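The next block is upload.cif, given as mmCIF, C-alpha atoms and all ligand atoms.
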data_entry
#
loop_
_atom_site.label_atom_id
_atom_site.label_comp_id
_atom_site.auth_asym_id
_atom_site.auth_seq_id
_atom_site.Cartn_x
_atom_site.Cartn_y
_atom_site.Cartn_z
CA MET A 1450 -8.61 -6.90 8.98
CA THR A 1451 -8.01 -3.71 7.05
CA SER A 1452 -7.69 -1.59 10.18
CA TRP A 1453 -5.04 -3.97 11.57
CA ALA A 1454 -3.09 -3.74 8.33
CA ASP A 1455 -3.44 0.05 8.42
CA ALA A 1456 -2.18 0.16 12.00
CA ILE A 1457 0.83 -2.01 11.14
CA TYR A 1458 1.66 0.19 8.13
CA LEU A 1459 1.40 3.31 10.30
CA VAL A 1460 3.77 1.86 12.89
CA LEU A 1461 6.24 0.76 10.19
CA ASP A 1462 6.01 4.17 8.51
CA SER A 1463 6.65 6.06 11.76
CA ALA A 1464 9.46 3.68 12.71
CA SER A 1465 11.23 4.10 9.35
CA LEU A 1466 10.79 7.89 9.53
CA PHE A 1467 12.31 7.83 13.02
CA VAL A 1468 15.23 5.73 11.76
CA ALA A 1469 15.76 8.21 8.89
CA ILE A 1470 15.94 11.11 11.38
CA VAL A 1471 18.38 9.28 13.69
CA VAL A 1472 20.58 8.27 10.74
CA GLY A 1473 20.43 11.91 9.59
CA ALA A 1474 21.61 13.23 12.97
CA ASN A 1475 24.57 10.84 12.90
CA ILE A 1476 25.45 11.73 9.30
CA GLY A 1477 25.26 15.37 10.47
CA SER A 1478 27.87 14.51 13.07
CA PHE A 1479 30.11 13.18 10.28
CA LEU A 1480 29.47 16.33 8.20
CA ASN A 1481 30.77 18.37 11.16
CA VAL A 1482 34.01 16.39 10.99
CA CYS A 1483 34.24 17.15 7.24
CA ILE A 1484 33.50 20.87 7.83
CA TYR A 1485 36.21 21.06 10.50
CA ARG A 1486 38.90 18.96 8.84
CA LEU A 1487 38.60 19.45 5.05
CA PRO A 1488 39.84 23.10 5.07
CA LEU A 1489 42.77 21.99 7.26
CA LYS A 1490 43.52 19.19 4.76
CA LYS A 1491 43.26 16.60 7.54
CA SER A 1492 41.89 13.07 7.16
CA ILE A 1493 38.16 12.78 7.79
CA VAL A 1494 38.34 9.14 8.97
CA TRP A 1495 41.32 9.24 11.35
CA PRO A 1496 41.99 10.05 14.18
CA SER A 1497 38.80 10.04 16.26
CA SER A 1498 37.26 13.32 17.48
CA ARG A 1499 39.19 15.39 19.99
CA CYS A 1500 38.50 18.60 21.88
CA PRO A 1501 40.12 21.40 19.80
CA HIS A 1502 41.18 23.18 23.01
CA CYS A 1503 42.73 20.50 25.24
CA ASN A 1504 43.14 17.77 22.60
CA ARG A 1505 41.48 15.14 24.82
CA ARG A 1506 39.91 12.29 22.88
CA LEU A 1507 36.11 12.45 23.13
CA ARG A 1508 34.21 9.55 24.69
CA TRP A 1509 31.36 7.97 22.72
CA PHE A 1510 28.59 9.65 24.75
CA GLU A 1511 30.10 13.10 24.09
CA ASN A 1512 29.82 12.34 20.37
CA VAL A 1513 26.09 11.55 20.47
CA PRO A 1514 24.55 14.07 18.06
CA ILE A 1515 22.58 17.01 19.53
CA ALA A 1516 22.12 15.29 22.94
CA GLY A 1517 25.87 15.30 23.63
CA TYR A 1518 26.03 19.06 23.10
CA LEU A 1519 22.97 19.70 25.29
CA TRP A 1520 24.24 17.41 28.05
CA LEU A 1521 27.67 19.14 28.07
CA ARG A 1522 25.90 22.54 27.87
CA GLY A 1523 28.22 23.55 25.02
CA ARG A 1524 31.48 23.15 26.97
CA CYS A 1525 34.30 20.59 27.08
CA ARG A 1526 34.07 18.28 30.11
CA THR A 1527 37.71 18.75 31.13
CA CYS A 1528 38.94 22.16 29.95
CA ARG A 1529 35.53 23.92 29.83
CA GLY A 1530 36.48 25.24 26.38
CA PRO A 1531 33.43 26.26 24.32
CA ILE A 1532 32.07 23.80 21.71
CA SER A 1533 30.90 25.60 18.57
CA ILE A 1534 27.11 25.95 18.20
CA GLN A 1535 27.73 24.86 14.60
CA TYR A 1536 27.82 21.20 15.77
CA PRO A 1537 24.22 20.86 17.03
CA ILE A 1538 22.93 23.16 14.24
CA VAL A 1539 24.44 21.00 11.47
CA GLU A 1540 23.25 17.81 13.22
CA THR A 1541 19.69 19.13 13.59
CA LEU A 1542 19.59 20.46 10.03
CA THR A 1543 20.81 17.15 8.60
CA ALA A 1544 18.32 15.17 10.73
CA VAL A 1545 15.42 17.38 9.54
CA MET A 1546 16.58 17.10 5.93
CA PHE A 1547 16.74 13.28 6.17
CA GLY A 1548 13.28 13.15 7.74
CA LEU A 1549 11.65 15.45 5.17
CA ALA A 1550 13.39 13.85 2.18
CA PHE A 1551 12.49 10.32 3.33
CA TRP A 1552 8.87 11.35 3.87
CA TYR A 1553 8.73 13.05 0.44
CA TYR A 1554 10.70 10.67 -1.82
CA GLY A 1555 10.30 7.36 0.00
CA PRO A 1556 12.96 4.63 -0.31
CA THR A 1557 14.12 5.42 -3.87
CA LEU A 1558 17.35 6.16 -5.72
CA LEU A 1559 16.15 9.76 -6.04
CA LEU A 1560 16.11 9.96 -2.23
CA LEU A 1561 19.74 8.79 -2.11
CA SER A 1562 20.70 11.33 -4.79
CA ARG A 1563 18.94 14.20 -2.99
CA LEU A 1564 20.47 13.27 0.38
CA LEU A 1565 24.02 13.13 -1.01
CA PHE A 1566 23.39 16.47 -2.74
CA GLY A 1567 21.97 18.01 0.45
CA CYS A 1568 24.94 16.79 2.53
CA ALA A 1569 27.36 18.30 -0.02
CA LEU A 1570 25.46 21.62 0.16
CA ILE A 1571 25.59 21.70 3.99
CA VAL A 1572 29.36 21.09 3.97
CA LEU A 1573 30.01 23.64 1.19
CA PHE A 1574 27.81 26.26 2.88
CA SER A 1575 29.58 25.92 6.23
CA ILE A 1576 33.15 25.85 4.86
CA ASP A 1577 32.53 28.79 2.51
CA LEU A 1578 30.96 30.80 5.34
CA GLU A 1579 33.97 30.34 7.59
CA HIS A 1580 36.92 30.03 5.20
CA HIS A 1581 35.67 31.55 1.91
CA LEU A 1582 36.60 28.28 0.29
CA LEU A 1583 34.74 25.59 -1.68
CA PRO A 1584 36.91 22.44 -1.57
CA ASN A 1585 37.50 20.53 -4.82
CA SER A 1586 37.23 17.34 -2.77
CA ILE A 1587 33.45 18.01 -2.56
CA THR A 1588 32.61 19.81 -5.83
CA LEU A 1589 34.52 17.62 -8.31
CA PRO A 1590 33.31 14.20 -7.05
CA GLY A 1591 29.89 15.90 -6.71
CA ILE A 1592 29.82 16.58 -10.47
CA VAL A 1593 30.61 12.92 -11.23
CA VAL A 1594 28.13 11.52 -8.69
CA GLY A 1595 25.38 13.90 -9.81
CA PHE A 1596 25.89 12.89 -13.43
CA ALA A 1597 25.89 9.17 -12.53
CA PHE A 1598 22.57 9.56 -10.67
CA SER A 1599 21.02 11.35 -13.68
CA LEU A 1600 21.23 7.99 -15.52
CA VAL A 1601 18.99 6.23 -12.98
CA THR A 1602 16.73 8.90 -11.45
CA GLY A 1603 14.78 10.05 -14.50
CA LEU A 1604 16.65 13.36 -14.98
CA GLY A 1605 18.55 11.93 -17.94
CA TRP A 1606 22.22 12.30 -18.88
CA PHE A 1607 21.62 15.06 -21.42
CA ASP A 1608 19.89 17.41 -18.97
CA SER A 1609 22.60 16.73 -16.41
CA LEU A 1610 25.43 17.29 -18.90
CA VAL A 1611 23.93 20.57 -20.14
CA GLY A 1612 23.51 21.50 -16.46
CA ILE A 1613 27.24 20.94 -15.82
CA VAL A 1614 28.36 22.89 -18.91
CA LEU A 1615 25.80 25.71 -18.61
CA GLY A 1616 25.98 26.02 -14.80
CA GLY A 1617 29.77 26.13 -14.78
CA GLY A 1618 29.95 28.10 -18.06
CA VAL A 1619 27.64 30.96 -17.07
CA LEU A 1620 29.52 31.55 -13.82
CA PHE A 1621 32.90 31.17 -15.53
CA ALA A 1622 31.93 33.83 -18.10
CA THR A 1623 30.64 36.11 -15.31
CA ALA A 1624 33.85 35.66 -13.33
CA GLU A 1625 35.96 36.45 -16.41
CA ALA A 1626 33.91 39.55 -17.27
CA TYR A 1627 34.05 40.80 -13.67
CA TYR A 1628 37.81 40.29 -13.55
CA ARG A 1629 38.34 42.22 -16.82
CA VAL A 1630 36.17 45.15 -15.74
CA ARG A 1631 37.14 45.44 -12.08
CA HIS A 1632 40.62 43.83 -12.19
CA GLU A 1633 39.86 41.85 -9.05
CA GLU A 1634 38.40 38.46 -8.36
CA GLY A 1635 34.67 38.63 -7.62
CA LEU A 1636 33.87 34.98 -8.12
CA GLY A 1637 36.26 32.11 -7.58
CA MET A 1638 36.63 28.90 -9.57
CA GLY A 1639 35.09 27.19 -6.53
CA ASP A 1640 31.76 28.88 -7.32
CA VAL A 1641 32.04 27.76 -10.96
CA LYS A 1642 32.60 24.11 -9.96
CA MET A 1643 29.85 24.29 -7.34
CA LEU A 1644 27.20 25.45 -9.84
CA ALA A 1645 28.42 22.77 -12.28
CA MET A 1646 27.76 20.25 -9.47
CA VAL A 1647 24.27 21.71 -8.95
CA GLY A 1648 23.65 21.33 -12.69
CA ALA A 1649 24.83 17.71 -12.60
CA PHE A 1650 22.35 16.82 -9.82
CA LEU A 1651 19.36 19.00 -10.79
CA GLY A 1652 19.69 19.61 -14.54
CA TRP A 1653 20.18 22.90 -16.38
CA LYS A 1654 16.79 24.55 -15.63
CA LEU A 1655 17.15 24.22 -11.87
CA ALA A 1656 20.85 25.20 -12.09
CA LEU A 1657 19.82 28.50 -13.70
CA LEU A 1658 17.07 28.92 -11.09
CA THR A 1659 19.72 28.32 -8.40
CA LEU A 1660 21.89 31.06 -9.89
CA MET A 1661 18.92 33.42 -10.03
CA LEU A 1662 17.87 32.75 -6.41
CA ALA A 1663 21.50 33.04 -5.22
CA SER A 1664 22.01 36.36 -7.04
CA ILE A 1665 18.76 37.83 -5.73
CA SER A 1666 19.37 36.80 -2.11
CA GLY A 1667 23.04 37.82 -2.38
CA SER A 1668 22.05 41.30 -3.63
CA ILE A 1669 19.49 41.74 -0.85
CA ILE A 1670 22.00 40.76 1.85
CA GLY A 1671 24.68 42.91 0.17
CA LEU A 1672 22.34 45.92 0.16
CA LEU A 1673 21.47 45.31 3.82
CA PHE A 1674 25.21 45.37 4.63
CA ILE A 1675 25.50 48.75 2.87
CA VAL A 1676 22.33 50.26 4.36
CA THR A 1677 23.25 49.20 7.90
CA LYS A 1678 26.80 50.48 7.22
CA ARG A 1679 28.44 47.24 8.19
CA GLY A 1680 30.80 47.61 5.26
CA ASP A 1681 30.46 47.41 1.48
CA MET A 1682 29.58 44.49 -0.79
CA LYS A 1683 33.03 42.98 -0.35
CA TYR A 1684 32.30 42.15 3.26
CA ALA A 1685 29.00 40.51 2.47
CA LEU A 1686 28.74 36.74 2.73
CA PRO A 1687 30.66 34.59 0.20
CA PHE A 1688 28.70 33.64 -2.94
CA GLY A 1689 28.94 29.87 -2.30
CA THR A 1690 26.68 30.24 0.75
CA PHE A 1691 23.99 31.81 -1.47
CA LEU A 1692 24.49 29.12 -4.11
CA ALA A 1693 23.88 26.50 -1.39
CA ILE A 1694 20.67 28.19 -0.22
CA GLY A 1695 19.53 28.73 -3.82
CA ALA A 1696 20.23 25.10 -4.72
CA ALA A 1697 18.35 23.78 -1.67
CA ALA A 1698 15.36 25.96 -2.60
CA ALA A 1699 15.59 24.97 -6.27
CA ALA A 1700 15.68 21.24 -5.38
CA SER A 1701 12.63 21.47 -3.12
CA ILE A 1702 10.30 24.05 -4.71
CA GLY A 1703 12.05 24.48 -8.08
CA PRO A 1704 10.14 21.94 -10.20
CA GLY A 1705 6.82 23.55 -9.22
CA LEU A 1706 8.22 27.05 -9.79
CA VAL A 1707 9.58 26.19 -13.26
CA SER A 1708 6.31 24.61 -14.47
CA TRP A 1709 4.35 27.56 -13.06
CA TYR A 1710 6.63 29.99 -14.92
CA LEU A 1711 6.45 28.01 -18.20
CA GLY A 1712 2.65 27.97 -17.78
CA LEU A 1713 2.67 31.79 -17.60
CA LEU A 1714 4.50 31.97 -20.93
CA GLN A 1715 1.87 29.95 -22.79
ZN ZN A 1801 38.77 20.38 26.16
#

Show me the file's structure as structure tokens.
Amino acid sequence: MTSWADAIYLVLDSASLFVAIVVGANIGSFLNVCIYRLPLKKSIVWPSSRCPHCNRRLRWFENVPIAGYLWLRGRCRTCRGPISIQYPIVETLTAVMFGLAFWYYGPTLLLLSRLLFGCALIVLFSIDLEHHLLPNSITLPGIVVGFAFSLVTGLGWFDSLVGIVLGGGVLFATAEAYYRVRHEEGLGMGDVKMLAMVGAFLGWKLALLTLMLASISGSIIGLLFIVTKRGDMKYALPFGTFLAIGAAAAASIGPGLVSWYLGLLQ
């Protein structure tokens, strides 16, 4: 009896994991639409996807995540214009994230919170990388949604609120200080709102960890740019991309890292 029950559970588990990955790939497809259209201030729900080169409306099978790109070998069916590699990368990344998060958190509200947060990070990372821009249409609702989830996911409203104020505040103060010393903008208000969003979702400790990880990785990449003489710090990647990487790391390994660090202090 038990082995039958075990077998059924295993099948159900694998099936739901598979569904999570497929849903993730399709959400990734939607994130691509957001990444492409939000900086252009176009609607993300209408019209349906078109080839950016010949403006032909895409058929459903060309829109199938990952497989569509592979089948078309990265080129438009009619005009042979190249399709950005960003599409399958974002779809794969989102699918993997959905699979891992579902496996780790199970069907909980925390899973939903982490997935929404992860999707926001993927979109912010990609748009900042290409346009040096962190749209308010992601960061501001992100702060509200992150705070709302803190009420039901065990983080607690206080931790989330301090995360918003401290996360945004620390970066705002840094941006102000940088501007007064160098008389040029080093950090934008987009970065301030993005770290406030991270604080809303993860709480103040992980928001500070995010800032630390982002600064360290940003400095390393910046130094590499200088050493390899590809230009100075100004041409290094925008800070929002590092915040996204730092936040993803903080969300996944952060809780363990923080308790390890606090253990060292005792
Ligand atoms: Zn085309």

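By chain and then residue number, the residues within 12 Å of Leu1487 in chain A are Phe1479, Leu1480, Asn1481, Val1482, Cys1483, Lys1491, Ser1492, Ile1493, Val1494, Val1572, Leu1573, Ser1575, Ile1576, Asp1577, His1580, Leu1582, Leu1583, Pro1584, Asn1585, Ser1586 and Ile1587 of chain A, counting only C-alpha atoms and disregarding those fewer than 4 positions away in sequence.
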
Residue subset to file, keeping C-alpha atoms, as a compact mmCIF listing (two decimals), in the frame of the given file:
# COMPACT_ATOMS: atom_id res chain seq x y z
CA PHE A 1479 30.11 13.18 10.28
CA LEU A 1480 29.47 16.33 8.20
CA ASN A 1481 30.77 18.37 11.16
CA VAL A 1482 34.01 16.39 10.99
CA CYS A 1483 34.24 17.15 7.24
CA LYS A 1491 43.26 16.60 7.54
CA SER A 1492 41.89 13.07 7.16
CA ILE A 1493 38.16 12.78 7.79
CA VAL A 1494 38.34 9.14 8.97
CA VAL A 1572 29.36 21.09 3.97
CA LEU A 1573 30.01 23.64 1.19
CA SER A 1575 29.58 25.92 6.23
CA ILE A 1576 33.15 25.85 4.86
CA ASP A 1577 32.53 28.79 2.51
CA HIS A 1580 36.92 30.03 5.20
CA LEU A 1582 36.60 28.28 0.29
CA LEU A 1583 34.74 25.59 -1.68
CA PRO A 1584 36.91 22.44 -1.57
CA ASN A 1585 37.50 20.53 -4.82
CA SER A 1586 37.23 17.34 -2.77
CA ILE A 1587 33.45 18.01 -2.56

Practice item. Please identify every polymer residue within 8 Å of ligand ZN 1801 (chain A), using only C-alpha atoms and all ligand atoms, and present the set as a VMD selection string. Key: chain A and resid 1499 to 1505 1524 to 1530

Tell me, counting only C-alpha atoms, for each residue of range 1542-1604 of chain A within 12 Å of range 1692-1705 of chain A, which pair of atoms is nearest and how far apart they are in Å to one decimal, in rows ordered by chain and increasing number, as a tab-separated table.
residue	atom	partner	partner_atom	distance
A:Met1546	CA	A:Ala1697	CA	10.3
A:Leu1549	CA	A:Ser1701	CA	10.3
A:Ala1550	CA	A:Ser1701	CA	9.3
A:Tyr1553	CA	A:Ser1701	CA	9.9
A:Tyr1554	CA	A:Ser1701	CA	11.0
A:Leu1559	CA	A:Ala1700	CA	11.5
A:Leu1560	CA	A:Ala1700	CA	11.7
A:Ser1562	CA	A:Ala1700	CA	11.1
A:Arg1563	CA	A:Ala1700	CA	8.1
A:Leu1564	CA	A:Ala1697	CA	10.9
A:Phe1566	CA	A:Ala1697	CA	8.9
A:Gly1567	CA	A:Ala1697	CA	7.1
A:Cys1568	CA	A:Ala1697	CA	10.5
A:Ala1569	CA	A:Ala1693	CA	9.0
A:Leu1570	CA	A:Ala1693	CA	5.4
A:Ile1571	CA	A:Ala1693	CA	7.4
A:Val1572	CA	A:Ala1693	CA	9.4
A:Leu1573	CA	A:Ala1693	CA	7.2
A:Phe1574	CA	A:Ala1693	CA	5.8
A:Ser1575	CA	A:Ala1693	CA	9.5
A:Ile1576	CA	A:Ala1693	CA	11.2
A:Asp1577	CA	A:Ala1693	CA	9.8
A:Leu1578	CA	A:Ala1693	CA	10.7
A:Leu1583	CA	A:Ala1693	CA	10.9
A:Thr1588	CA	A:Ala1693	CA	11.9
A:Leu1604	CA	A:Pro1704	CA	11.8

Practice item. Quick one: pull the distance between CA of Ala1469 in chain A and CA of Leu1542 in chain A, Å, one decimal. Key: 12.9 Å

Exercise for review: Name the residues in contact with range 1622-1636 of chain A at a cut-off of 12 Å, using only C-alpha atoms, excluding same-chain residues fewer than 5 positions from it; report them as a count of residues only.
Suggested key: 21

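For Leu1466 in chain A, the residues within 7 Å (counting all atoms listed in the file, excluding itself and residues fewer than 3 positions away along the chain) are Asp1462, Ser1463, Ala1469, Ile1470, Gly1548, Phe1551 and Trp1552 of chain A.
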
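You can rank A:Gly1652, A:Pro1514, A:Gly1712, A:Gly1671 by their closest distance to Ala1544 in chain A using all atoms listed in the file, and at the top of that list sits A:Pro1514.
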